[in-house]
>>> print(open('model.pdb').read())   # PDB, C-alpha atoms
ATOM      1  CA  MET A   1     -26.223   5.571   6.745  1.00  0.00           C
ATOM      2  CA  SER A   2     -25.071   2.881   4.343  1.00  0.00           C
ATOM      3  CA  THR A   3     -22.056   0.683   4.975  1.00  0.00           C
ATOM      4  CA  SER A   4     -20.236   2.042   1.919  1.00  0.00           C
ATOM      5  CA  SER A   5     -20.825   5.600   3.130  1.00  0.00           C
ATOM      6  CA  LEU A   6     -19.407   4.716   6.541  1.00  0.00           C
ATOM      7  CA  ARG A   7     -16.356   3.113   4.897  1.00  0.00           C
ATOM      8  CA  GLU A   8     -15.797   6.276   2.878  1.00  0.00           C
ATOM      9  CA  LEU A   9     -15.935   8.368   6.063  1.00  0.00           C
ATOM     10  CA  ARG A  10     -13.510   5.999   7.774  1.00  0.00           C
ATOM     11  CA  LEU A  11     -11.021   6.437   4.926  1.00  0.00           C
ATOM     12  CA  HIS A  12     -11.468  10.213   5.125  1.00  0.00           C
ATOM     13  CA  TYR A  13     -10.768  10.448   8.836  1.00  0.00           C
ATOM     14  CA  ARG A  14      -7.908   7.945   8.662  1.00  0.00           C
ATOM     15  CA  ALA A  15      -6.283  10.093   6.001  1.00  0.00           C
ATOM     16  CA  LEU A  16      -6.532  13.060   8.367  1.00  0.00           C
ATOM     17  CA  GLY A  17      -5.098  11.032  11.247  1.00  0.00           C
ATOM     18  CA  ASP A  18      -1.446  11.442  10.270  1.00  0.00           C
ATOM     19  CA  VAL A  19       0.699  14.549  10.735  1.00  0.00           C
ATOM     20  CA  THR A  20       2.483  14.155   7.388  1.00  0.00           C
ATOM     21  CA  ARG A  21      -0.800  13.836   5.500  1.00  0.00           C
ATOM     22  CA  LEU A  22      -2.192  16.864   7.331  1.00  0.00           C
ATOM     23  CA  ARG A  23       0.887  18.845   6.306  1.00  0.00           C
ATOM     24  CA  ILE A  24       0.468  17.670   2.687  1.00  0.00           C
ATOM     25  CA  ILE A  25      -3.158  18.796   2.704  1.00  0.00           C
ATOM     26  CA  GLN A  26      -2.220  22.136   4.254  1.00  0.00           C
ATOM     27  CA  ILE A  27       0.376  22.781   1.536  1.00  0.00           C
ATOM     28  CA  LEU A  28      -2.021  21.788  -1.239  1.00  0.00           C
ATOM     29  CA  ALA A  29      -4.846  23.886   0.224  1.00  0.00           C
ATOM     30  CA  THR A  30      -2.708  27.008   0.549  1.00  0.00           C
ATOM     31  CA  GLU A  31      -0.357  26.719  -2.441  1.00  0.00           C
ATOM     32  CA  GLY A  32      -2.543  24.962  -4.988  1.00  0.00           C
ATOM     33  CA  GLU A  33      -1.344  22.282  -7.382  1.00  0.00           C
ATOM     34  CA  VAL A  34       2.250  21.184  -6.800  1.00  0.00           C
ATOM     35  CA  PRO A  35       4.508  18.334  -8.004  1.00  0.00           C
ATOM     36  CA  VAL A  36       5.055  15.280  -5.811  1.00  0.00           C
ATOM     37  CA  SER A  37       8.798  15.981  -5.856  1.00  0.00           C
ATOM     38  CA  TYR A  38       8.145  19.437  -4.354  1.00  0.00           C
ATOM     39  CA  LEU A  39       6.078  17.923  -1.526  1.00  0.00           C
ATOM     40  CA  ALA A  40       8.755  15.317  -0.798  1.00  0.00           C
ATOM     41  CA  LYS A  41      11.494  17.969  -0.636  1.00  0.00           C
ATOM     42  CA  ARG A  42       9.415  20.414   1.366  1.00  0.00           C
ATOM     43  CA  LEU A  43       8.427  17.827   3.974  1.00  0.00           C
ATOM     44  CA  ARG A  44      11.779  16.009   3.900  1.00  0.00           C
ATOM     45  CA  VAL A  45      10.125  12.690   3.121  1.00  0.00           C
ATOM     46  CA  SER A  46      11.436  10.006   0.750  1.00  0.00           C
ATOM     47  CA  ALA A  47       9.667   9.595  -2.583  1.00  0.00           C
ATOM     48  CA  PRO A  48       8.292   6.110  -1.730  1.00  0.00           C
ATOM     49  CA  LEU A  49       6.908   7.343   1.599  1.00  0.00           C
ATOM     50  CA  MET A  50       5.368  10.392  -0.088  1.00  0.00           C
ATOM     51  CA  THR A  51       3.738   8.108  -2.641  1.00  0.00           C
ATOM     52  CA  TRP A  52       2.281   5.987   0.169  1.00  0.00           C
ATOM     53  CA  HIS A  53       0.848   9.057   1.947  1.00  0.00           C
ATOM     54  CA  LEU A  54      -0.600  10.377  -1.298  1.00  0.00           C
ATOM     55  CA  HIS A  55      -2.159   6.998  -2.052  1.00  0.00           C
ATOM     56  CA  ARG A  56      -3.963   7.069   1.299  1.00  0.00           C
ATOM     57  CA  SER A  57      -5.132  10.635   0.670  1.00  0.00           C
ATOM     58  CA  LYS A  58      -6.288   9.788  -2.857  1.00  0.00           C
ATOM     59  CA  ARG A  59      -8.278   6.772  -1.636  1.00  0.00           C
ATOM     60  CA  ALA A  60      -9.966   9.085   0.858  1.00  0.00           C
ATOM     61  CA  GLY A  61     -10.861  11.503  -1.930  1.00  0.00           C
ATOM     62  CA  ILE A  62      -8.953  14.426  -0.445  1.00  0.00           C
ATOM     63  CA  VAL A  63      -6.125  14.637  -2.985  1.00  0.00           C
ATOM     64  CA  ARG A  64      -6.163  14.329  -6.772  1.00  0.00           C
ATOM     65  CA  THR A  65      -3.115  13.544  -8.886  1.00  0.00           C
ATOM     66  CA  GLU A  66      -2.451  14.093 -12.561  1.00  0.00           C
ATOM     67  CA  ARG A  67       0.509  13.003 -14.635  1.00  0.00           C
ATOM     68  CA  VAL A  68       1.966  15.785 -16.764  1.00  0.00           C
ATOM     69  CA  GLY A  69       4.802  14.328 -18.814  1.00  0.00           C
ATOM     70  CA  ARG A  70       7.237  12.771 -16.357  1.00  0.00           C
ATOM     71  CA  GLU A  71       5.867  14.757 -13.435  1.00  0.00           C
ATOM     72  CA  VAL A  72       2.952  13.905 -11.149  1.00  0.00           C
ATOM     73  CA  ARG A  73       1.092  16.948  -9.850  1.00  0.00           C
ATOM     74  CA  CYS A  74      -1.157  16.917  -6.784  1.00  0.00           C
ATOM     75  CA  SER A  75      -4.106  19.094  -5.883  1.00  0.00           C
ATOM     76  CA  PHE A  76      -6.516  19.387  -2.974  1.00  0.00           C
ATOM     77  CA  ASP A  77     -10.131  18.410  -3.710  1.00  0.00           C
ATOM     78  CA  ARG A  78     -11.976  21.089  -1.720  1.00  0.00           C
ATOM     79  CA  GLU A  79     -15.463  19.967  -2.762  1.00  0.00           C
ATOM     80  CA  LYS A  80     -14.963  16.335  -1.762  1.00  0.00           C
ATOM     81  CA  PHE A  81     -13.279  17.412   1.492  1.00  0.00           C
ATOM     82  CA  ALA A  82     -16.195  19.700   2.375  1.00  0.00           C
ATOM     83  CA  GLU A  83     -18.735  17.022   1.456  1.00  0.00           C
ATOM     84  CA  LEU A  84     -17.081  14.380   3.639  1.00  0.00           C
ATOM     85  CA  ASN A  85     -16.730  16.783   6.571  1.00  0.00           C
ATOM     86  CA  ALA A  86     -20.402  17.733   6.292  1.00  0.00           C
ATOM     87  CA  ARG A  87     -21.417  14.064   6.098  1.00  0.00           C
ATOM     88  CA  GLY A  88     -19.324  13.250   9.182  1.00  0.00           C
ATOM     89  CA  PHE A  89     -20.876  16.155  11.067  1.00  0.00           C
ATOM     90  CA  ARG A  90     -24.403  15.018  10.122  1.00  0.00           C
ATOM     91  CA  LEU A  91     -23.578  11.476  11.250  1.00  0.00           C
ATOM     92  CA  LEU A  92     -22.376  12.729  14.641  1.00  0.00           C
ATOM     93  CA  MET A  93     -25.362  15.031  15.091  1.00  0.00           C
ATOM     94  CA  ASN A  94     -27.849  12.302  14.187  1.00  0.00           C
ATOM     95  CA  ARG A  95     -26.270   9.960  16.732  1.00  0.00           C
ATOM     96  CA  ALA A  96     -26.427  12.636  19.433  1.00  0.00           C
ATOM     97  CA  GLU A  97     -30.103  13.314  18.659  1.00  0.00           C
ATOM     98  CA  ALA A  98     -30.894   9.582  18.708  1.00  0.00           C
ATOM     99  CA  GLN A  99     -29.379   9.206  22.180  1.00  0.00           C
ATOM    100  CA  ALA A 100     -31.144  12.277  23.637  1.00  0.00           C
TER     101      ALA A 100
END
>>> encode(input="model.pdb", output="C-alpha cells")
Amino acid sequence: MSTSSLRELRLHYRALGDVTRLRIIQILATEGEVPVSYLAKRLRVSAPLMTWHLHRSKRAGIVRTERVGREVRCSFDREKFAELNARGFRLLMNRAEAQA
C-alpha cells in the first residue's frame, strides 16, 4: 500500500477517534444534511470548536460542507466512508495473512 494511501487511512481513523466527531457523523448519517449551527447547538459545542472538528472530518473525507448563502451545511459522505473502511479492512487482512 502506498504511503499516501496509508496517510489517508490515518486521517480517516483519527477522525473517528473522537467522541464529538463520532456524534457529528452519527447525526449526519441519520438526519442527512444539516447546518453547522444546528450541530453546534445539538452537541452543545462552541462554533469555533465545531469548525475544528468539521475540518478534521473534512480532511478525512467523511464530511462534506457547502455554503448556502450565509449558512454552511454539512453532509456525510457515505461512499468515501465505505471505501476507507473497506481499504482499512483489506490492509488489516493482508497483514494477518502475511504473518500466518
>>> residues_around(input="model.pdb", residues="A:Arg56", least_positions_apart="4", cutoff="8 Å", atoms="all atoms listed in the file", output="list in words")
Leu11, Ala15, Trp52 and Ala60 of chain A
>>> write_last_selection(input="model.pdb", atoms="C-alpha atoms", output="mmCIF file, in the frame of the given file")
data_model
loop_
_atom_site.group_PDB
_atom_site.id
_atom_site.type_symbol
_atom_site.label_atom_id
_atom_site.label_comp_id
_atom_site.auth_asym_id
_atom_site.auth_seq_id
_atom_site.Cartn_x
_atom_site.Cartn_y
_atom_site.Cartn_z
ATOM 1 C CA LEU A 11 -11.021 6.437 4.926
ATOM 2 C CA ALA A 15 -6.283 10.093 6.001
ATOM 3 C CA TRP A 52 2.281 5.987 0.169
ATOM 4 C CA ALA A 60 -9.966 9.085 0.858
#
>>> resolve_selection(input="model.pdb", expression="the PyMOL selection byres ((chain A and resi 71-74) around 6)", output="list of chain:residue names")
A:Glu33, A:Val34, A:Pro35, A:Val36, A:Arg64, A:Thr65, A:Glu66, A:Arg67, A:Val68, A:Gly69, A:Arg70, A:Ser75
>>> closest_residue(input="model.pdb", among="A:Leu9, A:Leu92, A:Ile25, A:Ala86", to="A:Ile62", atoms="only C-alpha atoms")
A:Ile25
>>> atom_distance(input="model.pdb", atom1="atom CA of A:Asp77", atom2="atom CA of A:Ser5")
18.0 Å
>>> closest_residue(input="model.pdb", among="A:Arg10, A:Tyr38, A:Thr51, A:Phe76", to="A:Leu22", atoms="all atoms listed in the file")
A:Phe76
>>> atom_distance(input="model.pdb", atom1="atom CA of A:Leu43", atom2="atom CA of A:Gln26")
11.5 Å
>>> residues_around(input="model.pdb", residues="A:Pro48", least_positions_apart="6", cutoff="12 Å", atoms="all atoms listed in the file", output="PDB file with C-alpha atoms, in the frame of the given file")
ATOM      1  CA  VAL A  36       5.055  15.280  -5.811  1.00  0.00           C
ATOM      2  CA  SER A  37       8.798  15.981  -5.856  1.00  0.00           C
ATOM      3  CA  ALA A  40       8.755  15.317  -0.798  1.00  0.00           C
ATOM      4  CA  LEU A  54      -0.600  10.377  -1.298  1.00  0.00           C
ATOM      5  CA  HIS A  55      -2.159   6.998  -2.052  1.00  0.00           C
TER       6      HIS A  55
END
>>> atom_distance(input="model.pdb", atom1="atom CA of A:Arg42", atom2="atom CA of A:Arg14")
22.6 Å
>>> closest_residue(input="model.pdb", among="A:His53, A:Glu31, A:Arg23, A:Val63", to="A:Phe81", atoms="all atoms listed in the file")
A:Val63
>>> closest_residue(input="model.pdb", among="A:Leu6, A:Ile24, A:Ala29, A:Leu16", to="A:Glu79", atoms="only C-alpha atoms")
A:Ala29
>>> closest_residue(input="model.pdb", among="A:Arg21, A:His12, A:Asn85, A:Met93", to="A:Leu49", atoms="only C-alpha atoms")
A:Arg21
>>> decode(input="model.pdb", residues="stretch 63-78 of chain A", atoms="all heavy atoms", output="PDB file, in the first residue's frame")
ATOM      1  N   VAL A  63     -16.863  13.994   5.889  1.00  0.00           N
ATOM      2  CA  VAL A  63     -17.893  15.031   5.892  1.00  0.00           C
ATOM      3  C   VAL A  63     -17.640  15.990   4.726  1.00  0.00           C
ATOM      4  O   VAL A  63     -16.497  16.315   4.416  1.00  0.00           O
ATOM      5  CB  VAL A  63     -17.882  15.804   7.236  1.00  0.00           C
ATOM      6  CG1 VAL A  63     -18.782  17.015   7.197  1.00  0.00           C
ATOM      7  CG2 VAL A  63     -18.265  14.879   8.377  1.00  0.00           C
ATOM      8  N   ARG A  64     -18.723  16.419   4.100  1.00  0.00           N
ATOM      9  CA  ARG A  64     -18.657  17.447   3.060  1.00  0.00           C
ATOM     10  C   ARG A  64     -19.393  18.678   3.564  1.00  0.00           C
ATOM     11  O   ARG A  64     -20.371  18.549   4.298  1.00  0.00           O
ATOM     12  CB  ARG A  64     -19.339  16.968   1.783  1.00  0.00           C
ATOM     13  CG  ARG A  64     -18.534  15.930   1.037  1.00  0.00           C
ATOM     14  CD  ARG A  64     -19.267  15.516  -0.179  1.00  0.00           C
ATOM     15  NE  ARG A  64     -20.302  14.570   0.266  1.00  0.00           N
ATOM     16  CZ  ARG A  64     -21.126  13.935  -0.520  1.00  0.00           C
ATOM     17  NH1 ARG A  64     -21.102  14.152  -1.804  1.00  0.00           N
ATOM     18  NH2 ARG A  64     -22.003  13.092  -0.035  1.00  0.00           N
ATOM     19  N   THR A  65     -18.920  19.855   3.183  1.00  0.00           N
ATOM     20  CA  THR A  65     -19.618  21.082   3.548  1.00  0.00           C
ATOM     21  C   THR A  65     -19.905  21.879   2.283  1.00  0.00           C
ATOM     22  O   THR A  65     -19.177  21.778   1.292  1.00  0.00           O
ATOM     23  CB  THR A  65     -18.802  21.954   4.522  1.00  0.00           C
ATOM     24  OG1 THR A  65     -17.567  22.302   3.911  1.00  0.00           O
ATOM     25  CG2 THR A  65     -18.566  21.247   5.837  1.00  0.00           C
ATOM     26  N   GLU A  66     -20.977  22.655   2.367  1.00  0.00           N
ATOM     27  CA  GLU A  66     -21.364  23.506   1.241  1.00  0.00           C
ATOM     28  C   GLU A  66     -21.952  24.790   1.802  1.00  0.00           C
ATOM     29  O   GLU A  66     -22.788  24.753   2.708  1.00  0.00           O
ATOM     30  CB  GLU A  66     -22.408  22.795   0.393  1.00  0.00           C
ATOM     31  CG  GLU A  66     -22.892  23.596  -0.775  1.00  0.00           C
ATOM     32  CD  GLU A  66     -23.993  22.883  -1.540  1.00  0.00           C
ATOM     33  OE1 GLU A  66     -24.402  21.780  -1.155  1.00  0.00           O
ATOM     34  OE2 GLU A  66     -24.452  23.484  -2.527  1.00  0.00           O
ATOM     35  N   ARG A  67     -21.490  25.900   1.279  1.00  0.00           N
ATOM     36  CA  ARG A  67     -22.010  27.196   1.710  1.00  0.00           C
ATOM     37  C   ARG A  67     -23.264  27.501   0.900  1.00  0.00           C
ATOM     38  O   ARG A  67     -23.263  27.452  -0.325  1.00  0.00           O
ATOM     39  CB  ARG A  67     -20.970  28.295   1.513  1.00  0.00           C
ATOM     40  CG  ARG A  67     -21.466  29.663   1.966  1.00  0.00           C
ATOM     41  CD  ARG A  67     -20.366  30.693   1.960  1.00  0.00           C
ATOM     42  NE  ARG A  67     -19.406  30.482   3.036  1.00  0.00           N
ATOM     43  CZ  ARG A  67     -19.593  30.819   4.315  1.00  0.00           C
ATOM     44  NH1 ARG A  67     -20.731  31.366   4.676  1.00  0.00           N
ATOM     45  NH2 ARG A  67     -18.663  30.608   5.205  1.00  0.00           N
ATOM     46  N   VAL A  68     -24.335  27.800   1.626  1.00  0.00           N
ATOM     47  CA  VAL A  68     -25.601  28.200   1.010  1.00  0.00           C
ATOM     48  C   VAL A  68     -25.967  29.551   1.609  1.00  0.00           C
ATOM     49  O   VAL A  68     -26.456  29.621   2.738  1.00  0.00           O
ATOM     50  CB  VAL A  68     -26.718  27.156   1.292  1.00  0.00           C
ATOM     51  CG1 VAL A  68     -28.021  27.591   0.649  1.00  0.00           C
ATOM     52  CG2 VAL A  68     -26.299  25.772   0.833  1.00  0.00           C
ATOM     53  N   GLY A  69     -25.670  30.610   0.887  1.00  0.00           N
ATOM     54  CA  GLY A  69     -25.870  31.958   1.427  1.00  0.00           C
ATOM     55  C   GLY A  69     -24.924  32.196   2.585  1.00  0.00           C
ATOM     56  O   GLY A  69     -23.723  32.045   2.455  1.00  0.00           O
ATOM     57  N   ARG A  70     -25.479  32.524   3.734  1.00  0.00           N
ATOM     58  CA  ARG A  70     -24.654  32.757   4.930  1.00  0.00           C
ATOM     59  C   ARG A  70     -24.481  31.494   5.760  1.00  0.00           C
ATOM     60  O   ARG A  70     -23.777  31.514   6.759  1.00  0.00           O
ATOM     61  CB  ARG A  70     -25.303  33.842   5.786  1.00  0.00           C
ATOM     62  CG  ARG A  70     -25.309  35.193   5.085  1.00  0.00           C
ATOM     63  CD  ARG A  70     -25.942  36.250   5.919  1.00  0.00           C
ATOM     64  NE  ARG A  70     -25.163  36.455   7.139  1.00  0.00           N
ATOM     65  CZ  ARG A  70     -25.557  37.199   8.150  1.00  0.00           C
ATOM     66  NH1 ARG A  70     -26.711  37.826   8.091  1.00  0.00           N
ATOM     67  NH2 ARG A  70     -24.808  37.337   9.215  1.00  0.00           N
ATOM     68  N   GLU A  71     -25.115  30.427   5.346  1.00  0.00           N
ATOM     69  CA  GLU A  71     -25.133  29.192   6.124  1.00  0.00           C
ATOM     70  C   GLU A  71     -24.189  28.154   5.509  1.00  0.00           C
ATOM     71  O   GLU A  71     -24.078  28.054   4.297  1.00  0.00           O
ATOM     72  CB  GLU A  71     -26.561  28.653   6.116  1.00  0.00           C
ATOM     73  CG  GLU A  71     -26.807  27.469   6.972  1.00  0.00           C
ATOM     74  CD  GLU A  71     -28.282  27.110   6.944  1.00  0.00           C
ATOM     75  OE1 GLU A  71     -28.744  26.590   5.919  1.00  0.00           O
ATOM     76  OE2 GLU A  71     -28.952  27.371   7.952  1.00  0.00           O
ATOM     77  N   VAL A  72     -23.528  27.389   6.366  1.00  0.00           N
ATOM     78  CA  VAL A  72     -22.709  26.274   5.905  1.00  0.00           C
ATOM     79  C   VAL A  72     -23.434  24.997   6.299  1.00  0.00           C
ATOM     80  O   VAL A  72     -23.772  24.792   7.467  1.00  0.00           O
ATOM     81  CB  VAL A  72     -21.287  26.305   6.524  1.00  0.00           C
ATOM     82  CG1 VAL A  72     -20.489  25.091   6.085  1.00  0.00           C
ATOM     83  CG2 VAL A  72     -20.568  27.590   6.137  1.00  0.00           C
ATOM     84  N   ARG A  73     -23.692  24.152   5.300  1.00  0.00           N
ATOM     85  CA  ARG A  73     -24.411  22.901   5.531  1.00  0.00           C
ATOM     86  C   ARG A  73     -23.438  21.740   5.410  1.00  0.00           C
ATOM     87  O   ARG A  73     -22.561  21.740   4.564  1.00  0.00           O
ATOM     88  CB  ARG A  73     -25.560  22.764   4.554  1.00  0.00           C
ATOM     89  CG  ARG A  73     -26.550  23.926   4.702  1.00  0.00           C
ATOM     90  CD  ARG A  73     -27.783  23.780   3.898  1.00  0.00           C
ATOM     91  NE  ARG A  73     -28.609  22.636   4.221  1.00  0.00           N
ATOM     92  CZ  ARG A  73     -29.465  22.555   5.244  1.00  0.00           C
ATOM     93  NH1 ARG A  73     -29.569  23.560   6.074  1.00  0.00           N
ATOM     94  NH2 ARG A  73     -30.189  21.480   5.437  1.00  0.00           N
ATOM     95  N   CYS A  74     -23.617  20.738   6.269  1.00  0.00           N
ATOM     96  CA  CYS A  74     -22.738  19.577   6.310  1.00  0.00           C
ATOM     97  C   CYS A  74     -23.508  18.339   5.900  1.00  0.00           C
ATOM     98  O   CYS A  74     -24.692  18.211   6.180  1.00  0.00           O
ATOM     99  CB  CYS A  74     -22.223  19.344   7.730  1.00  0.00           C
ATOM    100  SG  CYS A  74     -21.369  20.727   8.408  1.00  0.00           S
ATOM    101  N   SER A  75     -22.794  17.405   5.276  1.00  0.00           N
ATOM    102  CA  SER A  75     -23.393  16.121   4.941  1.00  0.00           C
ATOM    103  C   SER A  75     -22.344  15.024   5.105  1.00  0.00           C
ATOM    104  O   SER A  75     -21.142  15.279   5.082  1.00  0.00           O
ATOM    105  CB  SER A  75     -23.947  16.126   3.520  1.00  0.00           C
ATOM    106  OG  SER A  75     -22.925  16.382   2.588  1.00  0.00           O
ATOM    107  N   PHE A  76     -22.832  13.822   5.285  1.00  0.00           N
ATOM    108  CA  PHE A  76     -21.996  12.641   5.485  1.00  0.00           C
ATOM    109  C   PHE A  76     -21.715  12.023   4.121  1.00  0.00           C
ATOM    110  O   PHE A  76     -22.627  11.788   3.336  1.00  0.00           O
ATOM    111  CB  PHE A  76     -22.760  11.658   6.384  1.00  0.00           C
ATOM    112  CG  PHE A  76     -22.067  10.353   6.628  1.00  0.00           C
ATOM    113  CD1 PHE A  76     -20.822  10.311   7.209  1.00  0.00           C
ATOM    114  CD2 PHE A  76     -22.686   9.158   6.300  1.00  0.00           C
ATOM    115  CE1 PHE A  76     -20.186   9.103   7.459  1.00  0.00           C
ATOM    116  CE2 PHE A  76     -22.065   7.949   6.554  1.00  0.00           C
ATOM    117  CZ  PHE A  76     -20.817   7.927   7.128  1.00  0.00           C
ATOM    118  N   ASP A  77     -20.441  11.762   3.830  1.00  0.00           N
ATOM    119  CA  ASP A  77     -20.053  11.157   2.556  1.00  0.00           C
ATOM    120  C   ASP A  77     -19.999   9.641   2.732  1.00  0.00           C
ATOM    121  O   ASP A  77     -18.968   9.075   3.088  1.00  0.00           O
ATOM    122  CB  ASP A  77     -18.708  11.712   2.094  1.00  0.00           C
ATOM    123  CG  ASP A  77     -18.368  11.329   0.672  1.00  0.00           C
ATOM    124  OD1 ASP A  77     -18.970  10.365   0.149  1.00  0.00           O
ATOM    125  OD2 ASP A  77     -17.514  12.001   0.083  1.00  0.00           O
ATOM    126  N   ARG A  78     -21.131   8.987   2.502  1.00  0.00           N
ATOM    127  CA  ARG A  78     -21.243   7.537   2.717  1.00  0.00           C
ATOM    128  C   ARG A  78     -20.289   6.735   1.834  1.00  0.00           C
ATOM    129  O   ARG A  78     -19.701   5.752   2.286  1.00  0.00           O
ATOM    130  CB  ARG A  78     -22.668   7.069   2.455  1.00  0.00           C
ATOM    131  CG  ARG A  78     -23.664   7.565   3.456  1.00  0.00           C
ATOM    132  CD  ARG A  78     -25.077   7.087   3.126  1.00  0.00           C
ATOM    133  NE  ARG A  78     -26.068   7.781   3.920  1.00  0.00           N
ATOM    134  CZ  ARG A  78     -26.360   7.468   5.171  1.00  0.00           C
ATOM    135  NH1 ARG A  78     -25.753   6.478   5.757  1.00  0.00           N
ATOM    136  NH2 ARG A  78     -27.271   8.155   5.832  1.00  0.00           N
TER     137      ARG A  78
END
